[in-house]
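Here's the structure, in structure tokens; my notes come after.
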Amino acid sequence: MTMSMSDERIRMIGQMALEAGLIEDPQWLERLEEPVPLWVLLDTLLRWIDRMDPQNGPFD
């Protein structure tokens, strides 16, 4: 069975999210096309924002 470009992109995004720590359970890679509650998406985005702009980081 060959993967479409869309399937390959979804798999790649899932793997990158796992490696970046955005998802912590590798079983989520089997569920990437399932709908998620809005709070899950918001939690992920808030974690990402916190990593990119930590409030308690060193001052320049």
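The chains in the structure tokens are called A, B, ... from first to last as shown; in each chain the residues are counted from 1, and the ligands are counted from 1 in the order shown.
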
Quiz item: How would you write, as a PyMOL selection string, the set of residues in stretch 5-56 of chain A that DSSP gives as alpha helix (DSSP H)?
Solution: chain A and resi 5-20+38-52

Generate the output file for the selected residues, N, CA and C atoms, as a CSV table (one decimal), in the first residue's frame.
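Writing the result to again.csv gives the following:
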```csv
chain,number,residue,atom,x,y,z
A,5,MET,N,0.7,11.8,-0.8
A,5,MET,CA,1.5,12.9,-0.3
A,5,MET,C,0.8,13.4,1.0
A,6,SER,N,-0.5,13.5,1.0
A,6,SER,CA,-1.2,14.0,2.2
A,6,SER,C,-0.9,13.1,3.4
A,7,ASP,N,-1.0,11.7,3.2
A,7,ASP,CA,-0.7,10.8,4.3
A,7,ASP,C,0.7,10.9,4.8
A,8,GLU,N,1.6,11.1,3.8
A,8,GLU,CA,3.0,11.2,4.2
A,8,GLU,C,3.3,12.5,5.0
A,9,ARG,N,2.6,13.5,4.6
A,9,ARG,CA,2.8,14.8,5.3
A,9,ARG,C,2.2,14.7,6.7
A,10,ILE,N,1.1,14.1,6.8
A,10,ILE,CA,0.5,13.9,8.2
A,10,ILE,C,1.4,13.1,9.0
A,11,ARG,N,1.9,12.0,8.5
A,11,ARG,CA,2.9,11.1,9.3
A,11,ARG,C,4.1,11.9,9.7
A,12,MET,N,4.6,12.7,8.8
A,12,MET,CA,5.8,13.5,9.1
A,12,MET,C,5.5,14.6,10.2
A,13,ILE,N,4.4,15.2,10.1
A,13,ILE,CA,4.0,16.2,11.1
A,13,ILE,C,3.9,15.5,12.5
A,14,GLY,N,3.3,14.4,12.5
A,14,GLY,CA,3.1,13.6,13.7
A,14,GLY,C,4.5,13.3,14.3
A,15,GLN,N,5.4,12.8,13.5
A,15,GLN,CA,6.7,12.4,14.0
A,15,GLN,C,7.5,13.6,14.5
A,16,MET,N,7.4,14.7,13.8
A,16,MET,CA,8.1,16.0,14.2
A,16,MET,C,7.5,16.4,15.6
A,17,ALA,N,6.2,16.3,15.7
A,17,ALA,CA,5.5,16.7,17.0
A,17,ALA,C,6.0,15.9,18.1
A,18,LEU,N,6.1,14.6,17.9
A,18,LEU,CA,6.6,13.6,18.9
A,18,LEU,C,8.0,14.0,19.3
A,19,GLU,N,8.9,14.2,18.3
A,19,GLU,CA,10.3,14.5,18.6
A,19,GLU,C,10.5,15.9,19.3
A,20,ALA,N,9.5,16.8,19.0
A,20,ALA,CA,9.6,18.1,19.7
A,20,ALA,C,9.0,18.1,21.0
A,38,LEU,N,-11.1,21.1,21.2
A,38,LEU,CA,-10.4,22.4,21.1
A,38,LEU,C,-9.4,22.5,22.2
A,39,TRP,N,-9.7,22.1,23.5
A,39,TRP,CA,-8.8,22.3,24.6
A,39,TRP,C,-7.5,21.6,24.4
A,40,VAL,N,-7.5,20.5,23.6
A,40,VAL,CA,-6.2,19.8,23.3
A,40,VAL,C,-5.4,20.6,22.4
A,41,LEU,N,-6.0,21.2,21.4
A,41,LEU,CA,-5.2,22.0,20.5
A,41,LEU,C,-4.7,23.3,21.2
A,42,LEU,N,-5.5,23.9,22.1
A,42,LEU,CA,-5.1,25.1,22.8
A,42,LEU,C,-4.0,24.7,23.8
A,43,ASP,N,-4.1,23.6,24.5
A,43,ASP,CA,-3.0,23.2,25.4
A,43,ASP,C,-1.7,23.0,24.6
A,44,THR,N,-1.7,22.4,23.5
A,44,THR,CA,-0.5,22.2,22.7
A,44,THR,C,0.0,23.6,22.3
A,45,LEU,N,-0.8,24.5,21.8
A,45,LEU,CA,-0.3,25.8,21.4
A,45,LEU,C,0.3,26.6,22.6
A,46,LEU,N,-0.4,26.5,23.7
A,46,LEU,CA,0.1,27.2,24.9
A,46,LEU,C,1.5,26.7,25.3
A,47,ARG,N,1.7,25.3,25.2
A,47,ARG,CA,3.0,24.8,25.5
A,47,ARG,C,4.0,25.3,24.6
A,48,TRP,N,3.6,25.3,23.3
A,48,TRP,CA,4.6,25.8,22.3
A,48,TRP,C,5.0,27.3,22.5
A,49,ILE,N,4.0,28.1,22.8
A,49,ILE,CA,4.2,29.5,23.1
A,49,ILE,C,5.2,29.6,24.3
A,50,ASP,N,4.9,28.8,25.3
A,50,ASP,CA,5.8,28.9,26.5
A,50,ASP,C,7.2,28.5,26.2
A,51,ARG,N,7.4,27.6,25.3
A,51,ARG,CA,8.8,27.2,24.9
A,51,ARG,C,9.4,28.3,24.1
A,52,MET,N,8.7,28.9,23.3
A,52,MET,CA,9.3,30.0,22.4
A,52,MET,C,9.5,31.3,23.2
```

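Distance-wise, atom CA of A:Leu32 and atom CA of A:Met3 end up 14.4 Å apart.
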
Self-check item: Pairwise distance for atom CA of A:Ser4 and atom CA of A:Glu33, rounded to one decimal in Å
Solution: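 We find that atom CA of A:Ser4 and atom CA of A:Glu33 lie 13.9 Å from each other.
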